[in-house]
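A quick write-up on the structure given underneath.
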Amino acid sequence: MSPDRRMISPLPRVGRAVPPVEDPPGPAARPARVCLLIGQLGLGGTEKQVVLLAQGLRARGIETSVLLLFEGGPREDGLRASGIPVVHLGFPHRAAGLRTLPANLAAFVRLVRELRRTRPDVLHAFLYHSYVTAAPAARLARVKVLVAGRRSLGDFKRGRRVLLALERVATSVTDLLVANAESVAEDTLRHEKVRTDKITTVYNGLPDTAFEPVPPATIRTGSPVVLCIANLKIYKGHRFLLDAIARLRDHALPCTLVLVGEGPQRAALEEQAERLKIDVRFLGTRTDVEPFLARADVVVLPSLHEGMSNAVMEAMAAGRPVVATDVGGTGELLRGRGILVPPSDPAALADGLGRVLGDPALAARLGAKAQTWSRDHLHVDAMVDRHVHIYRELLERRCAE
């Protein structure tokens, strides 16, 4: 990616250390108030990053609140425990049509009123529904700076003209787009046709606890443990992973596959595992993934497309060897520090897993490299400081206009 496209001083290229970001003295050094807007606070990676960013901003003396379009979720308690206000706006959950128009309008009015009441210097919206809603609300409330996150590749919008039209209008009045991977930024430039000076990249962040050793979980098996942490959705590619595990079994390398996550594909995957006669443990939704990472012989992510995977980042921080498909930002994380394979290819996936499981020295080297690199590049402090720096530069530009 060409560095001259960045309106904000760029994050260094992959493989180079992130320099400390220092704010100049004076009242313009940093924003006083920031609002973060997202749909809900479930267990997804974006929601986790919103919580980490909110907590980091508050720790730096910035008044921070989180606004929810639809509903709360399990991450809400952590925000409230940190003293961060959480405001429910009450939009109907992913509903459309004339029937829900009054409720949507009422919720939109609540959003504008909340922004006028709190008068944030920056409104930062995450994910599609949030940033297309934030654009008109921010202008009506006269918010100084509007930032929109790009957290994944835009495959879900391809060919959907209404979604694309709404996004283009929202982007036209947004000050900056922040991608969480270079691949996501490139995808945005290529398909959304935004100006090259209107997007920058900030990697997701990991807290100190992600790097701390923990006792391994108890998994009763005599076989190597292959761990996959991902929602059971079709684009995560679990069906190819199950085929790969069956291939390993047929080549005298039986494994126990542990799946952490829940989703609409569970029944189909359970049926597939039974048909293939492989050992698959479905653990459902878990928040205590660290002990399972400590127990795993290898971590795998077979996604068909991906933004910047928190599951891969957490595996790297735990020092586990990772085998993953080379999609989205995963290659940025793992190139030279993990095994990358093509998506939708069970044979290649089985080969990658077999290489790691059959060579303990290789597994140890990959795990050590991944942990060292993630500690240098993916710590939450670097992520939060980078955002503060971006907010400050945008505010200074706004004040100079």
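In the structure tokens, chains take letters A, B, ... by order of appearance, with residues numbered from 1 within each chain and ligands from 1 in the order shown.
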Quick one: which range 188-217 of chain A residues come within 9 Å of range 305-317 of chain A, and what is the nearest atom pair for each with the distance in Å to one decimal, counting only C-alpha atoms, rows ordered by chain and ascending number, as CSV?
residue,atom,partner,partner_atom,distance
A:Tyr203,CA,A:Met308,CA,7.7
A:Asn204,CA,A:Met308,CA,7.4
A:Gly205,CA,A:Met313,CA,8.7
A:Leu206,CA,A:Glu314,CA,7.4
A:Ala210,CA,A:Ala317,CA,5.9
A:Phe211,CA,A:Ala317,CA,5.1
A:Glu212,CA,A:Ala317,CA,8.5
_strand (DSSP E) residues, from DSSP on the backbone, in range 231-323 of chain A, as number ranges by chain_ = A: 256-260, 279-284, 298-301, 322-323
Written selection (N, CA and C atoms) as a CSV table (one decimal), in the first residue's frame:
chain,number,residue,atom,x,y,z
A,256,THR,N,-8.0,-34.6,17.9
A,256,THR,CA,-9.3,-34.1,18.6
A,256,THR,C,-9.5,-32.7,18.2
A,257,LEU,N,-10.5,-32.4,17.5
A,257,LEU,CA,-10.9,-31.0,17.1
A,257,LEU,C,-11.8,-30.4,18.1
A,258,VAL,N,-11.4,-29.3,18.7
A,258,VAL,CA,-12.2,-28.6,19.7
A,258,VAL,C,-12.7,-27.3,19.0
A,259,LEU,N,-14.0,-27.1,19.0
A,259,LEU,CA,-14.6,-26.0,18.3
A,259,LEU,C,-15.2,-25.1,19.4
A,260,VAL,N,-14.7,-23.9,19.6
A,260,VAL,CA,-15.2,-22.9,20.5
A,260,VAL,C,-16.0,-21.9,19.6
A,279,ASP,N,-13.3,-37.1,15.8
A,279,ASP,CA,-13.5,-36.7,17.2
A,279,ASP,C,-13.6,-35.1,17.2
A,280,VAL,N,-14.8,-34.6,17.3
A,280,VAL,CA,-15.0,-33.2,17.4
A,280,VAL,C,-15.8,-32.8,18.6
A,281,ARG,N,-15.2,-31.9,19.4
A,281,ARG,CA,-15.9,-31.4,20.6
A,281,ARG,C,-16.5,-30.0,20.4
A,282,PHE,N,-17.8,-29.9,20.5
A,282,PHE,CA,-18.5,-28.6,20.3
A,282,PHE,C,-18.7,-28.0,21.7
A,283,LEU,N,-17.9,-26.9,22.0
A,283,LEU,CA,-18.0,-26.3,23.3
A,283,LEU,C,-19.0,-25.1,23.4
A,284,GLY,N,-19.5,-24.7,22.2
A,284,GLY,CA,-20.4,-23.6,22.2
A,284,GLY,C,-19.6,-22.3,22.6
A,298,VAL,N,-2.2,-27.0,18.2
A,298,VAL,CA,-2.2,-26.1,17.1
A,298,VAL,C,-3.5,-25.4,17.1
A,299,VAL,N,-3.5,-24.2,16.6
A,299,VAL,CA,-4.8,-23.4,16.5
A,299,VAL,C,-5.0,-23.2,15.0
A,300,VAL,N,-6.2,-23.3,14.6
A,300,VAL,CA,-6.5,-23.3,13.1
A,300,VAL,C,-7.7,-22.3,12.9
A,301,LEU,N,-7.6,-21.6,11.8
A,301,LEU,CA,-8.8,-20.8,11.3
A,301,LEU,C,-9.0,-21.0,9.8
A,322,VAL,N,0.0,-21.5,14.6
A,322,VAL,CA,-1.3,-21.3,13.9
A,322,VAL,C,-1.2,-21.7,12.4
A,323,VAL,N,-2.3,-22.4,12.0
A,323,VAL,CA,-2.5,-22.7,10.6
A,323,VAL,C,-3.8,-22.1,10.2
_Distance query Arg398 in chain A at most 10 Å, only C-alpha atoms, self and fewer than 6 positions along chain excluded, as an MDAnalysis selection string_ = chainID A and resid 144:145 175 392
_Expected answer as a count of residues only: helix (DSSP H, G or I) residues in range 196-330 of chain A_ = 49
For Leu269 in chain A: contacts at 9 Å, only C-alpha atoms, fewer than 6 positions along chain excluded, given as a tab-separated table (two decimals) with N, CA and C atoms, in the first residue's frame:
chain	number	residue	atom	x	y	z
A	232	LEU	N	-19.88	-20.43	14.41
A	232	LEU	CA	-20.19	-21.52	13.48
A	232	LEU	C	-21.06	-20.98	12.35
A	238	HIS	N	-15.74	-24.06	8.50
A	238	HIS	CA	-15.58	-25.25	9.34
A	238	HIS	C	-15.73	-26.55	8.57
A	239	ARG	N	-16.60	-26.57	7.56
A	239	ARG	CA	-16.83	-27.83	6.84
A	239	ARG	C	-15.54	-28.32	6.17
A	242	LEU	N	-13.34	-29.89	8.98
A	242	LEU	CA	-13.73	-31.25	9.34
A	242	LEU	C	-13.22	-32.25	8.30
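For the pair CA of Ala324 in chain A and CA of Ile339 in chain A, the interatomic distance is 6.4 Å.
The shortest atom-to-atom distance to Pro120 in chain A, with only C-alpha atoms taken into account, belongs to A:Leu36 out of A:Ala368, A:Leu36, A:Val50, A:Ala103.
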*Which one is closest to Gly358 in chain A: A:Gln371, A:His251, A:Ser303, A:Gly329? Count only C-alpha atoms.*
A:His251
_Spatial neighbours of Ala217 in chain A, max dist 9 Å, only C-alpha atoms, sep filter under 5 positions, as a count of residues only_ = 7
